[in-house]
Amino acid sequence: IQALVPEITKNENSSCTHRQLVFLLSKLFSSVLSQERKIFMALDNLQWADSTTLGLISEVLISVCQCPEERERLVFVGMYRDNEVSSDLMLFIAGLVNLEGGGSGNVTDMKLSFLSRNDVTEMIMHKLRLPKRLVFELADVVHKRT
């Protein structure tokens with residue numbers, strides 16, 4: 001977010017700009033949700049998000065979740081690698097748990113296991129439409145690097 005809206009952190013009035021952005025995003029979400037439409041928001045790699053971005057997401061979610069009708073039509077999925085969690089991300093996760101504890105949302109924590117070498121091989125075989133013997137080395141490299 002800082003790269004897209006640099007004024008949030010570099011401007012003397014950054015707290016004002018940040019509040020404006022939270023207000024505008026909250027209004028945008030509320031406008032869509034109030035028309036009985038649904039929003040599914042998925043953000044990946046949250047382990048790399050900075051504190052400003054995590055704070056913005058948190059504030060928007062808290063704002064939107066104040067209205068029970070709108071809250072029921074919003075699904076937020078945040079994905080992160082649990083072996084790269086920062087203190088900022090831990091605070092964000094704790095905030096989501098507090099949101100749930102206050103009756104303003106439902107939080108479900110799901111842990112996914114890593115793909116096996118065989119799973120990676122099968123995926124590459126399927127996507128490239130090649131036999132196993134031709135993708136085995138590539139699958140091995142992909143599995144080791146990811």
# chains A, B, ... in the order shown; residues from 1 in each chain; ligands from 1
>>> residues_around(residues="Gln66 of chain A", least_positions_apart="3", cutoff="7 Å", atoms="only C-alpha atoms", output="JSON, numbers by chain")
{"A": [62, 63, 104]}
>>> write_last_selection(atoms="N, CA and C atoms", output="PDB file, in the first residue's frame")
ATOM      1  N   ILE A  62     -12.677  -3.978  10.827  1.00  0.00           N
ATOM      2  CA  ILE A  62     -13.397  -3.599  12.051  1.00  0.00           C
ATOM      3  C   ILE A  62     -14.558  -2.669  11.714  1.00  0.00           C
ATOM      4  N   SER A  63     -14.309  -1.694  10.848  1.00  0.00           N
ATOM      5  CA  SER A  63     -15.351  -0.743  10.463  1.00  0.00           C
ATOM      6  C   SER A  63     -16.517  -1.434   9.770  1.00  0.00           C
ATOM      7  N   SER A 104     -18.112  -9.547  16.598  1.00  0.00           N
ATOM      8  CA  SER A 104     -18.168  -8.808  15.337  1.00  0.00           C
ATOM      9  C   SER A 104     -17.688  -9.605  14.131  1.00  0.00           C
TER      10      SER A 104
END
>>> select_by_dssp(residues="chain A", states="strand (DSSP E)", output="ChimeraX atom specification")
/A:39-43,74-78
>>> write_last_selection(atoms="all heavy atoms", output="PDB file, in the first residue's frame")
ATOM      1  N   ILE A  39     -18.779  -9.730  -0.838  1.00  0.00           N
ATOM      2  CA  ILE A  39     -17.377  -9.468  -1.131  1.00  0.00           C
ATOM      3  C   ILE A  39     -16.558 -10.630  -0.579  1.00  0.00           C
ATOM      4  O   ILE A  39     -16.701 -11.006   0.578  1.00  0.00           O
ATOM      5  CB  ILE A  39     -16.884  -8.150  -0.502  1.00  0.00           C
ATOM      6  CG1 ILE A  39     -17.590  -6.958  -1.137  1.00  0.00           C
ATOM      7  CG2 ILE A  39     -15.364  -8.024  -0.647  1.00  0.00           C
ATOM      8  CD1 ILE A  39     -17.210  -5.620  -0.519  1.00  0.00           C
ATOM      9  N   PHE A  40     -15.704 -11.172  -1.435  1.00  0.00           N
ATOM     10  CA  PHE A  40     -14.732 -12.167  -1.024  1.00  0.00           C
ATOM     11  C   PHE A  40     -13.368 -11.551  -1.269  1.00  0.00           C
ATOM     12  O   PHE A  40     -13.004 -11.258  -2.403  1.00  0.00           O
ATOM     13  CB  PHE A  40     -14.894 -13.458  -1.841  1.00  0.00           C
ATOM     14  CG  PHE A  40     -13.876 -14.510  -1.489  1.00  0.00           C
ATOM     15  CD1 PHE A  40     -14.112 -15.392  -0.452  1.00  0.00           C
ATOM     16  CD2 PHE A  40     -12.686 -14.612  -2.195  1.00  0.00           C
ATOM     17  CE1 PHE A  40     -13.184 -16.356  -0.122  1.00  0.00           C
ATOM     18  CE2 PHE A  40     -11.750 -15.567  -1.876  1.00  0.00           C
ATOM     19  CZ  PHE A  40     -11.999 -16.454  -0.829  1.00  0.00           C
ATOM     20  N   MET A  41     -12.628 -11.305  -0.199  1.00  0.00           N
ATOM     21  CA  MET A  41     -11.325 -10.668  -0.319  1.00  0.00           C
ATOM     22  C   MET A  41     -10.263 -11.645   0.173  1.00  0.00           C
ATOM     23  O   MET A  41     -10.294 -12.081   1.317  1.00  0.00           O
ATOM     24  CB  MET A  41     -11.273  -9.380   0.510  1.00  0.00           C
ATOM     25  CG  MET A  41      -9.961  -8.652   0.381  1.00  0.00           C
ATOM     26  SD  MET A  41      -9.944  -7.004   1.120  1.00  0.00           S
ATOM     27  CE  MET A  41     -10.152  -7.346   2.842  1.00  0.00           C
ATOM     28  N   ALA A  42      -9.347 -12.003  -0.715  1.00  0.00           N
ATOM     29  CA  ALA A  42      -8.268 -12.927  -0.369  1.00  0.00           C
ATOM     30  C   ALA A  42      -6.933 -12.216  -0.551  1.00  0.00           C
ATOM     31  O   ALA A  42      -6.641 -11.700  -1.625  1.00  0.00           O
ATOM     32  CB  ALA A  42      -8.340 -14.168  -1.241  1.00  0.00           C
ATOM     33  N   LEU A  43      -6.159 -12.177   0.504  1.00  0.00           N
ATOM     34  CA  LEU A  43      -4.832 -11.564   0.459  1.00  0.00           C
ATOM     35  C   LEU A  43      -3.803 -12.618   0.839  1.00  0.00           C
ATOM     36  O   LEU A  43      -3.875 -13.214   1.915  1.00  0.00           O
ATOM     37  CB  LEU A  43      -4.752 -10.373   1.410  1.00  0.00           C
ATOM     38  CG  LEU A  43      -5.702  -9.220   1.116  1.00  0.00           C
ATOM     39  CD1 LEU A  43      -5.589  -8.146   2.175  1.00  0.00           C
ATOM     40  CD2 LEU A  43      -5.418  -8.633  -0.256  1.00  0.00           C
ATOM     41  N   LEU A  74     -19.460 -10.487   3.978  1.00  0.00           N
ATOM     42  CA  LEU A  74     -18.035 -10.263   3.752  1.00  0.00           C
ATOM     43  C   LEU A  74     -17.241 -11.491   4.197  1.00  0.00           C
ATOM     44  O   LEU A  74     -17.409 -11.978   5.307  1.00  0.00           O
ATOM     45  CB  LEU A  74     -17.544  -9.045   4.538  1.00  0.00           C
ATOM     46  CG  LEU A  74     -16.030  -8.809   4.552  1.00  0.00           C
ATOM     47  CD1 LEU A  74     -15.529  -8.442   3.155  1.00  0.00           C
ATOM     48  CD2 LEU A  74     -15.673  -7.725   5.543  1.00  0.00           C
ATOM     49  N   VAL A  75     -16.397 -11.976   3.296  1.00  0.00           N
ATOM     50  CA  VAL A  75     -15.477 -13.065   3.636  1.00  0.00           C
ATOM     51  C   VAL A  75     -14.068 -12.542   3.367  1.00  0.00           C
ATOM     52  O   VAL A  75     -13.749 -12.123   2.260  1.00  0.00           O
ATOM     53  CB  VAL A  75     -15.739 -14.334   2.796  1.00  0.00           C
ATOM     54  CG1 VAL A  75     -14.691 -15.396   3.083  1.00  0.00           C
ATOM     55  CG2 VAL A  75     -17.134 -14.866   3.053  1.00  0.00           C
ATOM     56  N   PHE A  76     -13.258 -12.557   4.395  1.00  0.00           N
ATOM     57  CA  PHE A  76     -11.859 -12.156   4.271  1.00  0.00           C
ATOM     58  C   PHE A  76     -10.998 -13.384   4.522  1.00  0.00           C
ATOM     59  O   PHE A  76     -11.163 -14.067   5.532  1.00  0.00           O
ATOM     60  CB  PHE A  76     -11.501 -11.058   5.289  1.00  0.00           C
ATOM     61  CG  PHE A  76     -10.022 -10.803   5.371  1.00  0.00           C
ATOM     62  CD1 PHE A  76      -9.384 -10.082   4.376  1.00  0.00           C
ATOM     63  CD2 PHE A  76      -9.273 -11.285   6.424  1.00  0.00           C
ATOM     64  CE1 PHE A  76      -8.022  -9.849   4.434  1.00  0.00           C
ATOM     65  CE2 PHE A  76      -7.909 -11.059   6.495  1.00  0.00           C
ATOM     66  CZ  PHE A  76      -7.276 -10.335   5.494  1.00  0.00           C
ATOM     67  N   VAL A  77     -10.108 -13.675   3.588  1.00  0.00           N
ATOM     68  CA  VAL A  77      -9.178 -14.783   3.739  1.00  0.00           C
ATOM     69  C   VAL A  77      -7.766 -14.205   3.690  1.00  0.00           C
ATOM     70  O   VAL A  77      -7.361 -13.613   2.685  1.00  0.00           O
ATOM     71  CB  VAL A  77      -9.358 -15.840   2.619  1.00  0.00           C
ATOM     72  CG1 VAL A  77      -8.328 -16.953   2.763  1.00  0.00           C
ATOM     73  CG2 VAL A  77     -10.763 -16.406   2.640  1.00  0.00           C
ATOM     74  N   GLY A  78      -7.068 -14.339   4.791  1.00  0.00           N
ATOM     75  CA  GLY A  78      -5.684 -13.881   4.865  1.00  0.00           C
ATOM     76  C   GLY A  78      -4.772 -15.091   4.930  1.00  0.00           C
ATOM     77  O   GLY A  78      -4.962 -15.968   5.763  1.00  0.00           O
TER      78      GLY A  78
END
>>> closest_residue(among="A:Val60, A:Met125, A:Leu112, A:Cys67", to="Arg81 of chain A", atoms="only C-alpha atoms")
A:Leu112
>>> closest_residue(among="A:Asp82, A:Ala139, A:Thr53, A:Asp88", to="Ser113 of chain A", atoms="only C-alpha atoms")
A:Asp82
>>> atom_distance(atom1="atom CA of Gln35 of chain A", atom2="atom CA of Gly105 of chain A")
19.7 Å
>>> residues_around(residues="Leu138 of chain A", least_positions_apart="3", cutoff="12 Å", atoms="only C-alpha atoms", output="ChimeraX atom specification")
/A:117-118,120-125,128,130,132-135,141-145
>>> write_last_selection(atoms="N, CA and C atoms", output="mmCIF file, in the first residue's frame")
data_model
loop_
_atom_site.group_PDB
_atom_site.id
_atom_site.type_symbol
_atom_site.label_atom_id
_atom_site.label_comp_id
_atom_site.auth_asym_id
_atom_site.auth_seq_id
_atom_site.Cartn_x
_atom_site.Cartn_y
_atom_site.Cartn_z
ATOM 1 N N ARG A 117 6.440 -34.202 -2.772
ATOM 2 C CA ARG A 117 7.122 -34.231 -4.068
ATOM 3 C C ARG A 117 6.209 -34.871 -5.115
ATOM 4 N N ASN A 118 5.479 -35.904 -4.711
ATOM 5 C CA ASN A 118 4.562 -36.576 -5.628
ATOM 6 C C ASN A 118 3.417 -35.646 -6.057
ATOM 7 N N VAL A 120 3.522 -32.371 -6.273
ATOM 8 C CA VAL A 120 4.091 -31.396 -7.208
ATOM 9 C C VAL A 120 4.280 -32.034 -8.581
ATOM 10 N N THR A 121 4.775 -33.271 -8.596
ATOM 11 C CA THR A 121 4.967 -33.985 -9.860
ATOM 12 C C THR A 121 3.639 -34.150 -10.590
ATOM 13 N N GLU A 122 2.610 -34.556 -9.851
ATOM 14 C CA GLU A 122 1.282 -34.740 -10.458
ATOM 15 C C GLU A 122 0.738 -33.434 -11.040
ATOM 16 N N MET A 123 0.920 -32.341 -10.318
ATOM 17 C CA MET A 123 0.433 -31.045 -10.805
ATOM 18 C C MET A 123 1.146 -30.644 -12.097
ATOM 19 N N ILE A 124 2.462 -30.797 -12.111
ATOM 20 C CA ILE A 124 3.219 -30.415 -13.302
ATOM 21 C C ILE A 124 2.867 -31.327 -14.475
ATOM 22 N N MET A 125 2.717 -32.624 -14.208
ATOM 23 C CA MET A 125 2.314 -33.556 -15.277
ATOM 24 C C MET A 125 0.977 -33.126 -15.877
ATOM 25 N N LEU A 128 1.385 -29.601 -17.815
ATOM 26 C CA LEU A 128 2.194 -29.665 -19.032
ATOM 27 C C LEU A 128 1.778 -30.800 -19.958
ATOM 28 N N LEU A 130 2.470 -33.965 -19.785
ATOM 29 C CA LEU A 130 3.646 -34.777 -20.089
ATOM 30 C C LEU A 130 3.702 -35.959 -19.127
ATOM 31 N N LYS A 132 5.330 -38.678 -16.454
ATOM 32 C CA LYS A 132 6.109 -38.479 -15.233
ATOM 33 C C LYS A 132 7.611 -38.464 -15.500
ATOM 34 N N ARG A 133 8.091 -39.335 -16.344
ATOM 35 C CA ARG A 133 9.526 -39.430 -16.606
ATOM 36 C C ARG A 133 10.096 -38.131 -17.177
ATOM 37 N N LEU A 134 9.263 -37.325 -17.842
ATOM 38 C CA LEU A 134 9.738 -36.086 -18.439
ATOM 39 C C LEU A 134 9.649 -34.880 -17.496
ATOM 40 N N VAL A 135 8.880 -34.984 -16.456
ATOM 41 C CA VAL A 135 8.719 -33.843 -15.546
ATOM 42 C C VAL A 135 9.346 -34.091 -14.174
ATOM 43 N N VAL A 141 13.028 -29.942 -8.645
ATOM 44 C CA VAL A 141 13.540 -28.582 -8.451
ATOM 45 C C VAL A 141 12.453 -27.682 -7.847
ATOM 46 N N VAL A 142 11.253 -27.758 -8.403
ATOM 47 C CA VAL A 142 10.137 -26.946 -7.902
ATOM 48 C C VAL A 142 9.847 -27.277 -6.434
ATOM 49 N N HIS A 143 9.830 -28.537 -6.112
ATOM 50 C CA HIS A 143 9.539 -28.963 -4.731
ATOM 51 C C HIS A 143 10.600 -28.444 -3.767
ATOM 52 N N LYS A 144 11.858 -28.505 -4.155
ATOM 53 C CA LYS A 144 12.951 -28.059 -3.280
ATOM 54 C C LYS A 144 12.916 -26.539 -3.078
ATOM 55 N N ARG A 145 12.553 -25.810 -4.126
ATOM 56 C CA ARG A 145 12.588 -24.338 -4.043
ATOM 57 C C ARG A 145 11.329 -23.741 -3.419
#
>>> select_by_dssp(residues="chain A", states="alpha helix (DSSP H)", output="number ranges by chain")
A: 7-10, 14-34, 51-64, 68-71, 87-101, 117-128, 132-145
>>> closest_residue(among="A:Pro131, A:Leu89, A:Glu70, A:Cys65", to="Arg37 of chain A", atoms="only C-alpha atoms")
A:Glu70
>>> residues_around(residues="Glu69 of chain A", least_positions_apart="3", cutoff="9 Å", atoms="only C-alpha atoms", output="list of chain:residue names")
A:Leu33, A:Ser34, A:Glu36, A:Cys65, A:Glu72, A:Arg73
>>> write_last_selection(atoms="N, CA and C atoms", output="PDB file, in the first residue's frame")
ATOM      1  N   LEU A  33     -21.739  -3.898   0.056  1.00  0.00           N
ATOM      2  CA  LEU A  33     -22.412  -4.865   0.922  1.00  0.00           C
ATOM      3  C   LEU A  33     -23.847  -4.455   1.243  1.00  0.00           C
ATOM      4  N   SER A  34     -24.125  -3.157   1.302  1.00  0.00           N
ATOM      5  CA  SER A  34     -25.482  -2.702   1.626  1.00  0.00           C
ATOM      6  C   SER A  34     -26.456  -2.968   0.475  1.00  0.00           C
ATOM      7  N   GLU A  36     -26.841  -5.724  -0.832  1.00  0.00           N
ATOM      8  CA  GLU A  36     -27.017  -7.177  -0.732  1.00  0.00           C
ATOM      9  C   GLU A  36     -26.106  -7.941  -1.676  1.00  0.00           C
ATOM     10  N   CYS A  65     -17.333  -4.590   9.835  1.00  0.00           N
ATOM     11  CA  CYS A  65     -17.972  -5.620  10.662  1.00  0.00           C
ATOM     12  C   CYS A  65     -18.878  -5.055  11.752  1.00  0.00           C
ATOM     13  N   GLU A  72     -22.179 -10.329   7.467  1.00  0.00           N
ATOM     14  CA  GLU A  72     -22.548 -11.650   6.973  1.00  0.00           C
ATOM     15  C   GLU A  72     -22.232 -11.831   5.489  1.00  0.00           C
ATOM     16  N   ARG A  73     -22.028 -10.733   4.770  1.00  0.00           N
ATOM     17  CA  ARG A  73     -21.780 -10.824   3.329  1.00  0.00           C
ATOM     18  C   ARG A  73     -20.312 -10.588   2.972  1.00  0.00           C
TER      19      ARG A  73
END
>>> closest_residue(among="A:Leu56, A:Gly103, A:Lys127, A:Asn45", to="Pro68 of chain A", atoms="only C-alpha atoms")
A:Gly103
